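Have a look at the structure below, then the notes.
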Amino acid sequence: PGVTVVPSPGHTAGHVAIQVDGGGGAKNVLLYMSDTVHHPAIQFPHPDWAVMFDANPSQSIASRRSLFDRAAADRVLLSGAHIPFPSVGHIRKQAAAVGKGYDWVPAMWEW
């Protein structure tokens, strides 16, 4: 219970993200994006940019856009295979004057 497989094809045909819901709303949801993002500094602000490792670049872009839109709207915690330390955070849509991408907001690291 609380663990959902979210199809996100493109990097590979069967690529998935994993959603873990701790209960109590979006603040207790973690979406692990696997290989949806390969280079956070590039693909968060430019989600329409694919990498050579994506088997189907157009499908990868569509999956990334869909996950990003959902994550930003619900402000769920995100993580992924290529996200640098602390590797957990959330995203927000960039202001229209800035671009059509997203900003990565890492979670505060606390002891």
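For the structure tokens, the naming scheme is as follows: chains receive sequential letters (A, B, ...) according to their order of presentation, residues are indexed from 1 within each chain, and ligands are indexed from 1 in presentation order.
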Close residues, region 42-54 of chain A itself excluded, 6 Å, only C-alpha atoms, min 2 positions apart in chain, as a PDB file with all heavy atoms, in the first residue's frame:
```
ATOM      1  N   HIS A  11      13.073   6.937 -21.909  1.00  0.00           N
ATOM      2  CA  HIS A  11      14.470   6.574 -21.666  1.00  0.00           C
ATOM      3  C   HIS A  11      14.654   5.128 -22.124  1.00  0.00           C
ATOM      4  O   HIS A  11      15.583   4.811 -22.851  1.00  0.00           O
ATOM      5  CB  HIS A  11      14.829   6.739 -20.197  1.00  0.00           C
ATOM      6  CG  HIS A  11      16.220   6.305 -19.886  1.00  0.00           C
ATOM      7  ND1 HIS A  11      17.317   6.885 -20.486  1.00  0.00           N
ATOM      8  CD2 HIS A  11      16.698   5.341 -19.056  1.00  0.00           C
ATOM      9  CE1 HIS A  11      18.409   6.292 -20.044  1.00  0.00           C
ATOM     10  NE2 HIS A  11      18.057   5.351 -19.176  1.00  0.00           N
ATOM     11  N   HIS A  39      20.579  15.247 -16.486  1.00  0.00           N
ATOM     12  CA  HIS A  39      21.408  16.381 -16.078  1.00  0.00           C
ATOM     13  C   HIS A  39      20.481  17.464 -15.537  1.00  0.00           C
ATOM     14  O   HIS A  39      19.909  18.242 -16.298  1.00  0.00           O
ATOM     15  CB  HIS A  39      22.224  16.902 -17.256  1.00  0.00           C
ATOM     16  CG  HIS A  39      23.385  17.740 -16.829  1.00  0.00           C
ATOM     17  ND1 HIS A  39      23.231  18.910 -16.121  1.00  0.00           N
ATOM     18  CD2 HIS A  39      24.712  17.552 -16.973  1.00  0.00           C
ATOM     19  CE1 HIS A  39      24.411  19.435 -15.870  1.00  0.00           C
ATOM     20  NE2 HIS A  39      25.331  18.612 -16.371  1.00  0.00           N
ATOM     21  N   PRO A  40      20.312  17.519 -14.210  1.00  0.00           N
ATOM     22  CA  PRO A  40      19.348  18.442 -13.615  1.00  0.00           C
ATOM     23  C   PRO A  40      19.548  19.907 -13.986  1.00  0.00           C
ATOM     24  O   PRO A  40      18.570  20.626 -14.204  1.00  0.00           O
ATOM     25  CB  PRO A  40      19.545  18.243 -12.109  1.00  0.00           C
ATOM     26  CG  PRO A  40      20.166  16.907 -11.975  1.00  0.00           C
ATOM     27  CD  PRO A  40      20.979  16.690 -13.213  1.00  0.00           C
ATOM     28  N   ASN A  56      13.797   6.723 -26.963  1.00  0.00           N
ATOM     29  CA  ASN A  56      12.784   7.424 -27.735  1.00  0.00           C
ATOM     30  C   ASN A  56      12.704   8.863 -27.202  1.00  0.00           C
ATOM     31  O   ASN A  56      11.955   9.136 -26.263  1.00  0.00           O
ATOM     32  CB  ASN A  56      11.432   6.715 -27.603  1.00  0.00           C
ATOM     33  CG  ASN A  56      10.360   7.319 -28.470  1.00  0.00           C
ATOM     34  OD1 ASN A  56      10.347   8.526 -28.729  1.00  0.00           O
ATOM     35  ND2 ASN A  56       9.422   6.493 -28.915  1.00  0.00           N
ATOM     36  N   PRO A  57      13.498   9.770 -27.788  1.00  0.00           N
ATOM     37  CA  PRO A  57      13.571  11.136 -27.252  1.00  0.00           C
ATOM     38  C   PRO A  57      12.227  11.858 -27.136  1.00  0.00           C
ATOM     39  O   PRO A  57      11.964  12.504 -26.122  1.00  0.00           O
ATOM     40  CB  PRO A  57      14.503  11.852 -28.228  1.00  0.00           C
ATOM     41  CG  PRO A  57      15.342  10.761 -28.799  1.00  0.00           C
ATOM     42  CD  PRO A  57      14.426   9.571 -28.898  1.00  0.00           C
ATOM     43  N   ILE A  61      10.650  13.156 -23.585  1.00  0.00           N
ATOM     44  CA  ILE A  61      10.264  14.544 -23.337  1.00  0.00           C
ATOM     45  C   ILE A  61       8.822  14.615 -22.832  1.00  0.00           C
ATOM     46  O   ILE A  61       8.526  15.320 -21.866  1.00  0.00           O
ATOM     47  CB  ILE A  61      10.466  15.397 -24.605  1.00  0.00           C
ATOM     48  CG1 ILE A  61      11.966  15.562 -24.887  1.00  0.00           C
ATOM     49  CG2 ILE A  61       9.761  16.738 -24.487  1.00  0.00           C
ATOM     50  CD1 ILE A  61      12.288  16.087 -26.273  1.00  0.00           C
ATOM     51  N   GLY A 101      10.516  26.288 -18.404  1.00  0.00           N
ATOM     52  CA  GLY A 101      10.977  25.132 -17.662  1.00  0.00           C
ATOM     53  C   GLY A 101      10.619  25.208 -16.197  1.00  0.00           C
ATOM     54  O   GLY A 101       9.630  25.829 -15.806  1.00  0.00           O
ATOM     55  N   TYR A 102      11.472  24.585 -15.412  1.00  0.00           N
ATOM     56  CA  TYR A 102      11.237  24.455 -13.979  1.00  0.00           C
ATOM     57  C   TYR A 102      12.517  24.793 -13.222  1.00  0.00           C
ATOM     58  O   TYR A 102      13.610  24.663 -13.741  1.00  0.00           O
ATOM     59  CB  TYR A 102      10.819  23.015 -13.642  1.00  0.00           C
ATOM     60  CG  TYR A 102       9.549  22.621 -14.342  1.00  0.00           C
ATOM     61  CD1 TYR A 102       9.560  22.212 -15.676  1.00  0.00           C
ATOM     62  CD2 TYR A 102       8.329  22.685 -13.693  1.00  0.00           C
ATOM     63  CE1 TYR A 102       8.391  21.866 -16.333  1.00  0.00           C
ATOM     64  CE2 TYR A 102       7.147  22.356 -14.343  1.00  0.00           C
ATOM     65  CZ  TYR A 102       7.195  21.944 -15.664  1.00  0.00           C
ATOM     66  OH  TYR A 102       6.026  21.625 -16.305  1.00  0.00           O
TER      67      TYR A 102
END
```
Closest of A:Val88, A:Asp69, A:Val16, A:Gln94 to Val29 (chain A) - atom-to-atom distances counting only C-alpha atoms: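 Closest to Val29 (chain A), using only C-alpha atoms: A:Val88.
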Pairwise distance for CA of Trp104 (chain A) and CA of Ser63 (chain A), rounded to one decimal in Å: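 Spanning CA of Trp104 (chain A) to CA of Ser63 (chain A) is a straight-line distance of 17.5 Å.
Each of A:Met33, A:Ser60, A:Leu78, A:Lys27 was checked against Thr12 (chain A) using only C-alpha atoms; the smallest atom-to-atom distance is that of A:Ser60.
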Close residues, Val105 (chain A) itself excluded, 7 Å, only C-alpha atoms, min 2 positions apart in chain, as an MDAnalysis selection string: chainID A and resid 89:91 103 107
For the contact check between region 29-96 of chain A and region 17-22 of chain A, emit one row per residue of region 29-96 of chain A within 8 Å, containing the shortest atom pair and the distance in Å rounded to one decimal, counting only C-alpha atoms, chain then rising number order, as JSON lines.
```
{"residue": "A:Val29", "atom": "CA", "partner": "A:Asp21", "partner_atom": "CA", "distance": 4.5}
{"residue": "A:Leu30", "atom": "CA", "partner": "A:Val20", "partner_atom": "CA", "distance": 5.2}
{"residue": "A:Leu31", "atom": "CA", "partner": "A:Gln19", "partner_atom": "CA", "distance": 4.4}
{"residue": "A:Tyr32", "atom": "CA", "partner": "A:Ile18", "partner_atom": "CA", "distance": 5.1}
{"residue": "A:Met33", "atom": "CA", "partner": "A:Ala17", "partner_atom": "CA", "distance": 4.5}
{"residue": "A:Ser34", "atom": "CA", "partner": "A:Ala17", "partner_atom": "CA", "distance": 5.8}
{"residue": "A:Thr36", "atom": "CA", "partner": "A:Ala17", "partner_atom": "CA", "distance": 7.9}
```
Members of region 13-98 of chain A assigned alpha helix (DSSP H) by DSSP, as a ChimeraX atom specification: /A:40-43,57-74
